[in-house]
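Dumped final07.cif below, it's mmCIF, C-alpha atoms:
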```cif
data_my_file
#
loop_
_atom_site.label_atom_id
_atom_site.label_comp_id
_atom_site.auth_asym_id
_atom_site.auth_seq_id
_atom_site.Cartn_x
_atom_site.Cartn_y
_atom_site.Cartn_z
CA MET A 1 67.00 115.70 151.62
CA THR A 2 70.02 115.12 153.70
CA ARG A 3 73.58 115.67 152.64
CA LYS A 4 74.11 111.90 152.10
CA HIS A 5 71.14 111.81 149.71
CA TRP A 6 72.63 114.66 147.68
CA GLN A 7 75.99 112.88 147.56
CA LEU A 8 74.36 109.65 146.38
CA LEU A 9 72.38 111.53 143.72
CA PHE A 10 75.58 113.26 142.52
CA ILE A 11 77.44 109.94 142.27
CA ILE A 12 74.57 108.36 140.30
CA LEU A 13 74.46 111.32 137.89
CA ALA A 14 78.25 111.34 137.52
CA PHE A 15 78.28 107.71 136.40
CA SER A 16 75.06 107.67 134.38
CA GLY A 17 75.55 111.08 132.74
CA PRO A 18 78.04 109.96 130.04
CA VAL A 19 75.85 106.96 129.22
CA LEU A 20 72.80 109.17 128.81
CA VAL A 21 74.72 111.64 126.63
CA ALA A 22 76.02 108.79 124.42
CA LEU A 23 72.51 107.39 124.02
CA ALA A 24 71.14 110.83 123.20
CA MET A 25 73.78 111.32 120.50
CA GLN A 26 72.56 108.19 118.68
CA THR A 27 68.87 109.11 118.63
CA PRO A 28 67.17 110.20 115.39
CA TRP A 29 66.86 113.74 116.75
CA PHE A 30 70.55 114.20 117.42
CA HIS A 31 72.54 111.69 115.37
CA TRP A 32 76.22 112.56 115.70
CA GLU A 33 79.00 111.22 113.50
CA PRO A 34 82.64 112.24 113.72
CA ALA A 35 83.78 114.83 111.18
CA SER A 36 86.91 112.88 110.32
CA THR A 37 88.37 109.43 110.64
CA ARG A 38 91.88 108.14 111.27
CA ASN A 39 92.18 106.16 108.05
CA HIS A 40 93.96 107.70 105.08
CA GLY A 41 92.27 105.73 102.32
CA ARG A 42 88.59 105.86 101.45
CA LEU A 43 86.54 103.09 103.01
CA ILE A 44 84.46 101.34 100.34
CA GLN A 45 80.90 100.78 101.52
CA PRO A 46 79.63 98.27 100.62
CA VAL A 47 82.80 96.31 99.92
CA VAL A 48 83.46 95.24 96.33
CA PRO A 49 83.93 91.46 96.01
CA THR A 50 86.89 90.50 93.83
CA GLY A 51 87.45 86.89 94.85
CA ASP A 52 85.47 85.54 91.90
CA LEU A 53 87.52 87.46 89.29
CA ALA A 54 90.34 85.41 87.77
CA LEU A 55 93.97 86.56 87.96
CA SER A 56 97.23 84.91 87.00
CA ASP A 57 100.87 85.77 87.44
CA LEU A 58 103.33 86.17 84.53
CA GLN A 59 103.99 82.41 84.50
CA GLY A 60 100.26 81.72 84.10
CA GLN A 61 99.77 80.40 87.64
CA PRO A 62 96.37 81.27 89.15
CA LEU A 63 96.42 84.09 91.67
CA SER A 64 93.42 84.64 93.89
CA THR A 65 92.47 87.66 95.99
CA ASN A 66 90.30 85.30 98.03
CA SER A 67 93.18 83.36 99.55
CA GLY A 68 91.31 82.08 102.59
CA SER A 69 94.44 82.66 104.66
CA ASN A 70 95.43 85.78 106.52
CA VAL A 71 96.90 87.53 103.44
CA TRP A 72 95.88 91.09 102.60
CA THR A 73 96.52 92.42 99.09
CA LEU A 74 97.61 95.88 97.99
CA LEU A 75 96.35 95.89 94.39
CA LYS A 76 97.72 98.65 92.15
CA LEU A 77 95.83 99.04 88.89
CA GLY A 78 97.69 99.97 85.73
CA GLU A 79 96.72 100.80 82.18
CA GLY A 80 99.58 99.81 79.91
CA ALA A 81 103.29 99.32 80.46
CA CYS A 82 104.59 100.31 83.87
CA ASP A 83 106.77 103.41 83.41
CA ALA A 84 109.37 104.77 85.84
CA ARG A 85 106.77 106.55 88.01
CA CYS A 86 104.68 103.38 88.21
CA GLN A 87 107.73 101.32 89.20
CA GLU A 88 108.66 103.90 91.84
CA GLN A 89 105.15 103.66 93.32
CA LEU A 90 105.35 99.86 93.33
CA GLU A 91 108.73 100.01 95.04
CA LEU A 92 107.25 102.30 97.72
CA LEU A 93 104.38 99.82 98.21
CA ALA A 94 106.92 97.00 98.53
CA ARG A 95 108.64 99.05 101.23
CA VAL A 96 105.27 99.47 102.96
CA ARG A 97 105.10 95.68 103.01
CA ASP A 98 108.68 95.36 104.30
CA LEU A 99 107.99 97.84 107.11
CA GLN A 100 105.37 95.50 108.56
CA VAL A 101 108.29 93.35 109.86
CA GLN A 102 106.58 90.49 111.76
CA ARG A 103 103.42 90.76 109.68
CA ALA A 104 105.07 91.20 106.26
CA ASP A 105 104.00 87.69 105.26
CA GLN A 106 100.37 88.79 105.74
CA LEU A 107 100.60 91.41 102.96
CA ARG A 108 101.40 91.13 99.28
CA VAL A 109 101.73 93.80 96.61
CA VAL A 110 100.12 93.02 93.26
CA HIS A 111 100.33 95.12 90.10
CA LEU A 112 97.39 94.42 87.80
CA ASP A 113 97.83 95.73 84.28
CA LEU A 114 94.35 95.88 82.73
CA ASN A 115 95.82 96.13 79.21
CA ASN A 116 98.00 93.02 79.69
CA ALA A 117 101.10 94.89 78.48
CA ALA A 118 104.54 93.38 78.74
CA ALA A 119 105.90 93.43 82.28
CA VAL A 120 109.12 92.61 84.05
CA SER A 121 109.02 89.93 86.73
CA THR A 122 110.31 90.96 90.15
CA ASP A 123 110.49 89.47 93.61
CA ARG A 124 109.33 92.73 95.26
CA TRP A 125 105.76 92.55 93.92
CA ILE A 126 103.59 90.25 91.84
CA GLU A 127 102.79 91.20 88.26
CA ALA A 128 99.28 89.96 87.49
CA ARG A 129 97.11 89.56 84.43
CA ALA A 130 93.33 89.51 84.41
CA ALA A 131 91.48 86.80 82.52
CA ASP A 132 88.67 89.31 81.98
CA PRO A 133 89.99 92.90 82.28
CA ALA A 134 86.55 94.32 81.44
CA ALA A 135 85.07 92.67 84.55
CA TRP A 136 87.78 94.21 86.73
CA ARG A 137 87.20 97.64 85.15
CA GLU A 138 83.44 97.36 85.61
CA ARG A 139 83.77 96.36 89.24
CA LEU A 140 86.41 98.88 90.31
CA GLU A 141 86.00 101.89 88.00
CA SER A 142 83.26 103.47 90.13
CA GLN A 143 85.82 103.93 92.93
CA ARG A 144 88.01 106.30 90.87
CA ALA A 145 91.17 104.94 92.46
CA VAL A 146 94.44 103.29 91.44
CA LEU A 147 95.24 101.43 94.65
CA PHE A 148 92.97 99.05 96.51
CA LEU A 149 93.39 97.25 99.80
CA ILE A 150 91.78 93.82 99.54
CA ASP A 151 91.02 91.80 102.67
CA PRO A 152 91.79 88.07 103.01
CA LEU A 153 88.21 87.24 101.99
CA GLY A 154 88.68 88.89 98.58
CA ASN A 155 86.77 92.12 99.22
CA ALA A 156 88.15 95.48 98.08
CA MET A 157 87.49 97.44 101.24
CA MET A 158 89.65 100.55 100.94
CA SER A 159 90.76 102.64 97.97
CA TYR A 160 93.38 105.31 97.39
CA PRO A 161 93.38 108.02 94.67
CA ILE A 162 96.14 108.50 92.13
CA ASP A 163 98.03 110.93 94.41
CA TYR A 164 97.98 108.67 97.48
CA ASP A 165 100.52 109.09 100.27
CA PRO A 166 102.53 105.89 100.92
CA THR A 167 102.89 106.89 104.58
CA GLY A 168 99.10 106.92 104.93
CA VAL A 169 98.91 103.52 103.24
CA ARG A 170 101.52 102.18 105.68
CA LYS A 171 99.55 103.47 108.67
CA ASP A 172 96.27 101.97 107.39
CA VAL A 173 97.92 98.61 106.66
CA SER A 174 99.60 98.53 110.08
CA VAL A 175 96.30 99.05 111.87
CA LEU A 176 94.46 96.50 109.73
CA LEU A 177 97.13 93.83 110.11
CA ARG A 178 97.28 94.39 113.85
CA TRP A 179 93.51 94.03 114.30
CA SER A 180 92.85 91.44 111.58
CA LYS A 181 90.82 88.57 113.01
CA VAL A 182 91.27 86.11 110.14
CA ASP A 183 93.07 83.11 111.61
CA ALA A 184 96.37 82.40 109.83
CA ALA A 185 96.11 78.70 110.73
CA SER A 186 92.89 78.18 108.78
#
```

Take the structure I supplied and represent it as structure tokens, if you would.
Amino acid sequence: MTRKHWQLLFIILAFSGPVLVALAMQTPWFHWEPASTRNHGRLIQPVVPTGDLALSDLQGQPLSTNSGSNVWTLLKLGEGACDARCQEQLELLARVRDLQVQRADQLRVVHLDLNNAAAVSTDRWIEARAADPAAWRERLESQRAVLFLIDPLGNAMMSYPIDYDPTGVRKDVSVLLRWSKVDAAS
């Protein structure tokens, strides 16, 4: 082989090598998955549909997680009256919403009290009541979480434990709002 043949062979291997390595990593013999991900919440697989579960605000107006528009929902679950710690967490979630600046209208914060205890109305978040709290418990209790990120189609797709970091929630929400493909005009 001449020198030009060796150069051509080297160029072919240089460009096809990464493709061959990527294909090899996805074979049944060597299936590679990353050890960690960039999201801070736990991805729920498969997603938990919530759009068919009835909610209402304090005035009795229906509130749907399946809005059909480009509105994501941060749903914080509560059991009983919202104490000072609960209100502080809700205020932090409202700040997460405010920090989205141009996309703040695409995110809402909802506090769902599964015991339907008395609540104070606020303009920072929506206080919600469940028509059937048992159905909400049944659907979401397996996730062992207190905060859920619900997509515009009404699917709980990410959950956060009781000791969640609001900064991590903000980062997850920012990425999801930036890459959300649900058309706001529909």

Might you pull out every residue within 6 Å of A:Thr73, with all atoms listed in the file counted and same-chain residues fewer than 2 positions away left off, and present them as a list in words?
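The contact residues come out as Leu75, Leu107, Arg108, Val109, Leu149 and Ile150 of chain A.
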
Give me the result of the PyMOL selection byres ((chain A and resi 176) around 12) on this file, residue by residue, as a PyMOL selection string.
chain A and resi 39+70-73+100+103+106-107+149-152+157-158+169-175+177-182

What is the distance, in Å and to one decimal place, between atom CA of A:Gly154 and atom CA of A:Gly168?
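Between atom CA of A:Gly154 and atom CA of A:Gly168 the gap works out to 21.8 Å.
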
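Considering only C-alpha atoms, the residue among A:Leu93, A:Ala84, A:Ala14, A:Val146 positioned nearest to A:Arg124 is A:Leu93.
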
Given the file shown, enumerate the residues that the PyMOL selection byres ((chain A and resi 57) around 10) captures and present them as a PyMOL selection string.
chain A and resi 55-56+58-64+110-112+121+126-130

For A:Glu141, the nearest of the candidates A:Ala117, A:Leu77, A:Arg85, A:Gly51, counting all atoms listed in the file
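Distance minimum relative to A:Glu141 lands on A:Leu77.
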
Model the absent atoms of stretch 96-121 of chain A so that N, CA and C atoms are present, and write the result as a compact mmCIF listing (two decimals), keeping the file's coordinate frame.
```
# COMPACT_ATOMS: atom_id res chain seq x y z
N VAL A 96 106.37 99.50 101.99
CA VAL A 96 105.27 99.47 102.96
C VAL A 96 105.12 98.05 103.49
N ARG A 97 105.19 97.08 102.60
CA ARG A 97 105.10 95.68 103.01
C ARG A 97 106.28 95.31 103.91
N ASP A 98 107.48 95.69 103.52
CA ASP A 98 108.68 95.36 104.30
C ASP A 98 108.65 95.98 105.69
N LEU A 99 108.05 97.15 105.82
CA LEU A 99 107.99 97.84 107.11
C LEU A 99 107.04 97.17 108.10
N GLN A 100 106.29 96.20 107.66
CA GLN A 100 105.37 95.50 108.56
C GLN A 100 106.11 94.47 109.41
N VAL A 101 107.37 94.24 109.16
CA VAL A 101 108.29 93.35 109.86
C VAL A 101 107.66 92.00 110.18
N GLN A 102 107.12 91.80 111.40
CA GLN A 102 106.58 90.49 111.76
C GLN A 102 105.36 90.10 110.94
N ARG A 103 104.64 91.06 110.41
CA ARG A 103 103.42 90.76 109.68
C ARG A 103 103.60 90.90 108.16
N ALA A 104 104.82 91.00 107.69
CA ALA A 104 105.07 91.20 106.26
C ALA A 104 104.54 90.04 105.43
N ASP A 105 104.51 88.84 106.00
CA ASP A 105 104.00 87.69 105.26
C ASP A 105 102.48 87.72 105.13
N GLN A 106 101.82 88.65 105.82
CA GLN A 106 100.37 88.79 105.74
C GLN A 106 99.95 89.83 104.70
N LEU A 107 100.90 90.37 103.96
CA LEU A 107 100.60 91.41 102.96
C LEU A 107 101.38 91.11 101.69
N ARG A 108 100.71 91.27 100.57
CA ARG A 108 101.40 91.13 99.28
C ARG A 108 101.02 92.31 98.41
N VAL A 109 101.94 92.68 97.54
CA VAL A 109 101.73 93.80 96.61
C VAL A 109 101.55 93.19 95.22
N VAL A 110 100.44 93.55 94.58
CA VAL A 110 100.12 93.02 93.26
C VAL A 110 99.89 94.19 92.30
N HIS A 111 100.56 94.14 91.15
CA HIS A 111 100.33 95.12 90.10
C HIS A 111 99.50 94.45 89.02
N LEU A 112 98.30 94.97 88.81
CA LEU A 112 97.39 94.42 87.80
C LEU A 112 97.32 95.37 86.62
N ASP A 113 97.87 94.95 85.51
CA ASP A 113 97.83 95.73 84.28
C ASP A 113 96.59 95.31 83.50
N LEU A 114 95.62 96.21 83.39
CA LEU A 114 94.35 95.88 82.73
C LEU A 114 94.48 95.80 81.22
N ASN A 115 95.60 96.25 80.66
CA ASN A 115 95.82 96.13 79.21
C ASN A 115 96.71 94.94 78.87
N ASN A 116 97.13 94.20 79.87
CA ASN A 116 98.00 93.02 79.69
C ASN A 116 99.25 93.35 78.88
N ALA A 117 99.86 94.50 79.17
CA ALA A 117 101.10 94.89 78.48
C ALA A 117 102.27 94.07 79.02
N ALA A 118 103.35 94.11 78.31
CA ALA A 118 104.54 93.38 78.74
C ALA A 118 105.02 93.92 80.07
N ALA A 119 105.45 93.02 80.95
CA ALA A 119 105.90 93.43 82.28
C ALA A 119 107.16 92.66 82.64
N VAL A 120 107.90 93.24 83.57
CA VAL A 120 109.12 92.61 84.05
C VAL A 120 108.82 91.92 85.37
N SER A 121 109.23 90.68 85.50
CA SER A 121 109.02 89.93 86.73
C SER A 121 109.97 90.43 87.80
```
